[in-house]
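Peer 1: My questions will all concern the structure given below.
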Protein chains: 2
Amino acid sequence: MGTLTVGEVARESGVSGSAVRFYERQGLITAGRTGGNQRRFDSDAACRIRVARVAQRVGLTVNDIRDLLAALPPDPQPADWQGLHDRLTAEAERRIRDLHAALDDIGSGRRLCDL
Amino acid sequence: MGTLTVGEVARESGVSGSAVRFYERQGLITAGRTGGNQRRFDSDAACRIRVARVAQRVGLTVNDIRDLLAALPPDPQPADWQGLHDRLTAEAERRIRDLHAALDDIGSGRRLCDL
DNA sequence: CTAGGACTTGAAGTAATGGTGAAGTCAATG
DNA sequence: CATTGACTTCACCATTACTTCAAGTCCTAG
């Protein structure tokens with residue numbers, strides 16, 4: 001059972017409280033509940049949200065990120081981090097390749113109309 | 001006044017008819033009307049849509065593309081094409097730089113949590 | 001114990017990019 | 001003239017990633 005409230009996780013992770021609740025609904029993070037039904041997070045929640053934000057910069061959707069984080073245990077080992085790392089890198093590189101392909105087409109000398 | 005129907009432009013440009021109408025609503029292309037209120041396009045419409053698709057590959061929104069195409073006269077001169085070309089290239093390169101920055105952060109050796 | 005801030009839910013709103021379906025109209029053909 | 005396929009508008013559906021709102025509850029400090 002965690003000790004952090006929504007607001008605390010929000011501040012620690014740099015997103016809004018509504019986003020924290022949204023991420024919990026989406027399964028990116030999990031929370032315990034107090035007797036009064038308030039969410040209490042473990043400190044890894046903020047970490048997972050930070051990872052999620054990096055993944056968003058790479059262009060992953062929240063759904064993609066849920067799957068990504070599903071492979072990340074509560075207390076990740078170096079190998080887990082490495083796996084995440086590799087997946088994010090591969091995805092970023094894929095997107096870069098797509099953009100390069102578009103650039104190549106644009107610069108191909110053909111009229112843009114004929115692409 | 002053009003001669004092409006929605007369906008013809010759709011086939012020529014590779015998008016659906018509903019997309020053609022959508023693009024007209026959004027101001028990416030313009031159409032005349034027959035006495036019976038049907039759209040009739042000039043042949044440059046398909047061209048503009050093709051340009052729009054390229055711009056989408058680069059990551060521009062329809063709004064961005066409207067602005068981009070607003071600078072493109074009905075009968076574009078080489079300089080007009082060059083301007084488009086430059087803007088698309090710059091935008092693609094910017095996005096590639098952003099992804100590279102993300103890659104650098106991911107590969108920085110710091111824990112993903114601390115980014 | 002009470003005031004106040006932080007929290008709860010669910011529903012609805014937003015912007016982007018179209019797709020879908022209904023009900024009706026137009027145009028070309030046999 | 002009647003059919004048929006393509007067209008028209010309008011309005012609603014879907015997805016993504018949240019935000020906002022209302023009404024109500026919890027928790028902590030004084």
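Ordering of the structure tokens sets the chain letters (A, B, ...); residue numbers start at 1 within each chain; ligands are numbered from 1 in the order shown.
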Give me, as a Markdown table, the closest atom pair and its distance (Å, one decimal) for every residue of chain A within a cut-off of 9 Å of chain C, counting only C-alpha atoms (C1' of nucleotides), rows sorted by chain and rising number.
Peer 2:
```
| residue | atom | partner | partner_atom | distance |
| --- | --- | --- | --- | --- |
| A:Thr5 | CA | C:DC7 | C1' | 8.6 |
| A:Val6 | CA | C:DC7 | C1' | 8.2 |
| A:Gly7 | CA | C:DA6 | C1' | 7.9 |
| A:Asn37 | CA | C:DT8 | C1' | 7.3 |
| A:Gln38 | CA | C:DC7 | C1' | 6.4 |
| A:Arg39 | CA | C:DC7 | C1' | 8.4 |
```
Peer 1: Show me, as CSV, the residues of chain D having an atom within 8 Å of chain B, each with the closest atom pair and its distance in Å, using only C-alpha atoms (C1' of nucleotides).
Peer 2:
```
residue,atom,partner,partner_atom,distance
D:DA6,C1',B:Gly7,CA,7.7
D:DC7,C1',B:Gln38,CA,6.4
D:DT8,C1',B:Gln38,CA,7.0
```
Peer 1: Pick out the chain B residues within 10 Å of chain A. Count only C-alpha atoms. Give them as a PyMOL selection string.
Peer 2: chain B and resi 13+44-59+78+81+84-86+88-93+95-107+111-115
Peer 1: Take the selection from the previous step and output its residues with N, CA and C atoms, as a CSV table (one decimal), in the first residue's frame.
Peer 2:
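Saved the output as part-v6.csv:
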```
chain,number,residue,atom,x,y,z
B,13,SER,N,-6.6,11.1,-56.4
B,13,SER,CA,-5.7,11.5,-55.4
B,13,SER,C,-5.5,10.4,-54.4
B,44,ASP,N,-6.2,20.7,-60.5
B,44,ASP,CA,-5.2,21.0,-59.5
B,44,ASP,C,-5.6,20.5,-58.1
B,45,ALA,N,-6.9,20.1,-58.0
B,45,ALA,CA,-7.4,19.7,-56.7
B,45,ALA,C,-6.7,18.4,-56.2
B,46,ALA,N,-6.6,17.5,-57.2
B,46,ALA,CA,-6.0,16.2,-56.8
B,46,ALA,C,-4.5,16.4,-56.5
B,47,CYS,N,-3.9,17.3,-57.2
B,47,CYS,CA,-2.5,17.7,-56.9
B,47,CYS,C,-2.4,18.2,-55.5
B,48,ARG,N,-3.3,19.1,-55.1
B,48,ARG,CA,-3.2,19.7,-53.8
B,48,ARG,C,-3.4,18.7,-52.7
B,49,ILE,N,-4.3,17.7,-53.0
B,49,ILE,CA,-4.5,16.7,-52.0
B,49,ILE,C,-3.2,15.8,-51.9
B,50,ARG,N,-2.6,15.5,-53.0
B,50,ARG,CA,-1.4,14.8,-52.9
B,50,ARG,C,-0.3,15.5,-52.1
B,51,VAL,N,-0.2,16.8,-52.3
B,51,VAL,CA,0.7,17.5,-51.5
B,51,VAL,C,0.3,17.4,-50.0
B,52,ALA,N,-1.0,17.5,-49.8
B,52,ALA,CA,-1.4,17.4,-48.4
B,52,ALA,C,-1.0,16.1,-47.8
B,53,ARG,N,-1.1,15.0,-48.6
B,53,ARG,CA,-0.8,13.7,-48.0
B,53,ARG,C,0.7,13.6,-47.7
B,54,VAL,N,1.5,14.2,-48.5
B,54,VAL,CA,2.9,14.3,-48.2
B,54,VAL,C,3.2,15.0,-46.9
B,55,ALA,N,2.5,16.2,-46.8
B,55,ALA,CA,2.6,17.0,-45.6
B,55,ALA,C,2.2,16.2,-44.4
B,56,GLN,N,1.2,15.4,-44.5
B,56,GLN,CA,0.7,14.6,-43.4
B,56,GLN,C,1.8,13.6,-43.0
B,57,ARG,N,2.4,13.0,-43.9
B,57,ARG,CA,3.5,12.1,-43.6
B,57,ARG,C,4.6,12.8,-42.8
B,58,VAL,N,4.7,14.0,-43.0
B,58,VAL,CA,5.7,14.8,-42.3
B,58,VAL,C,5.2,15.2,-40.9
B,59,GLY,N,3.9,15.0,-40.7
B,59,GLY,CA,3.3,15.2,-39.4
B,59,GLY,C,2.5,16.5,-39.2
B,78,PRO,N,7.5,27.7,-60.3
B,78,PRO,CA,8.6,26.9,-59.6
B,78,PRO,C,9.0,27.5,-58.3
B,81,TRP,N,6.6,26.2,-55.7
B,81,TRP,CA,6.9,24.8,-55.3
B,81,TRP,C,8.2,24.7,-54.4
B,84,LEU,N,7.2,25.6,-50.8
B,84,LEU,CA,6.5,24.4,-50.2
B,84,LEU,C,7.5,23.4,-49.8
B,85,HIS,N,8.3,23.1,-50.7
B,85,HIS,CA,9.4,22.1,-50.6
B,85,HIS,C,10.3,22.4,-49.4
B,86,ASP,N,10.7,23.7,-49.3
B,86,ASP,CA,11.5,24.1,-48.2
B,86,ASP,C,10.8,24.0,-46.9
B,88,LEU,N,8.3,22.0,-46.1
B,88,LEU,CA,8.1,20.6,-45.7
B,88,LEU,C,9.4,20.0,-45.2
B,89,THR,N,10.5,20.3,-45.9
B,89,THR,CA,11.8,19.8,-45.5
B,89,THR,C,12.2,20.3,-44.1
B,90,ALA,N,12.0,21.5,-43.9
B,90,ALA,CA,12.4,22.1,-42.6
B,90,ALA,C,11.6,21.4,-41.5
B,91,GLU,N,10.3,21.2,-41.8
B,91,GLU,CA,9.4,20.6,-40.8
B,91,GLU,C,9.8,19.1,-40.5
B,92,ALA,N,10.1,18.4,-41.5
B,92,ALA,CA,10.6,17.0,-41.3
B,92,ALA,C,11.9,17.0,-40.6
B,93,GLU,N,12.7,17.9,-40.9
B,93,GLU,CA,14.0,17.9,-40.2
B,93,GLU,C,13.9,18.3,-38.7
B,95,ARG,N,11.3,17.6,-36.9
B,95,ARG,CA,10.8,16.4,-36.2
B,95,ARG,C,11.8,15.3,-36.0
B,96,ILE,N,12.7,15.2,-37.0
B,96,ILE,CA,13.8,14.3,-36.8
B,96,ILE,C,14.7,14.7,-35.7
B,97,ARG,N,14.9,16.0,-35.6
B,97,ARG,CA,15.8,16.5,-34.5
B,97,ARG,C,15.2,16.2,-33.2
B,98,ASP,N,13.8,16.4,-33.1
B,98,ASP,CA,13.2,16.1,-31.8
B,98,ASP,C,13.3,14.7,-31.4
B,99,LEU,N,13.2,13.8,-32.4
B,99,LEU,CA,13.3,12.4,-32.1
B,99,LEU,C,14.7,12.0,-31.7
B,100,HIS,N,15.7,12.6,-32.4
B,100,HIS,CA,17.0,12.4,-32.0
B,100,HIS,C,17.3,12.9,-30.6
B,101,ALA,N,16.7,14.0,-30.2
B,101,ALA,CA,16.9,14.5,-28.8
B,101,ALA,C,16.3,13.5,-27.8
B,102,ALA,N,15.2,12.9,-28.2
B,102,ALA,CA,14.6,11.9,-27.3
B,102,ALA,C,15.5,10.7,-27.2
B,103,LEU,N,16.0,10.3,-28.4
B,103,LEU,CA,16.9,9.2,-28.4
B,103,LEU,C,18.2,9.4,-27.5
B,104,ASP,N,18.6,10.6,-27.6
B,104,ASP,CA,19.8,11.0,-26.8
B,104,ASP,C,19.5,10.9,-25.3
B,105,ASP,N,18.3,11.4,-25.0
B,105,ASP,CA,17.9,11.3,-23.6
B,105,ASP,C,17.8,9.8,-23.1
B,106,ILE,N,17.2,9.0,-24.0
B,106,ILE,CA,17.0,7.6,-23.6
B,106,ILE,C,18.3,6.9,-23.5
B,107,GLY,N,19.2,7.3,-24.3
B,107,GLY,CA,20.5,6.7,-24.3
B,107,GLY,C,21.6,7.3,-23.4
B,111,ARG,N,18.7,6.9,-15.6
B,111,ARG,CA,17.6,6.0,-15.5
B,111,ARG,C,16.4,6.8,-16.2
B,112,LEU,N,15.5,6.0,-16.8
B,112,LEU,CA,14.4,6.6,-17.6
B,112,LEU,C,13.6,7.5,-16.6
B,113,CYS,N,13.5,7.0,-15.4
B,113,CYS,CA,12.7,7.7,-14.4
B,113,CYS,C,13.2,9.2,-14.2
B,114,ASP,N,14.4,9.4,-14.4
B,114,ASP,CA,15.0,10.7,-14.0
B,114,ASP,C,15.1,11.7,-15.2
B,115,LEU,N,14.5,11.3,-16.3
B,115,LEU,CA,14.5,12.2,-17.4
B,115,LEU,C,13.4,13.3,-17.2
```
Peer 1: What is the atom CA of A:Ala79-atom CA of A:Phe41 distance in Å, reported with one decimal?
Peer 2: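 Between these atoms lies a distance of 24.3 Å.
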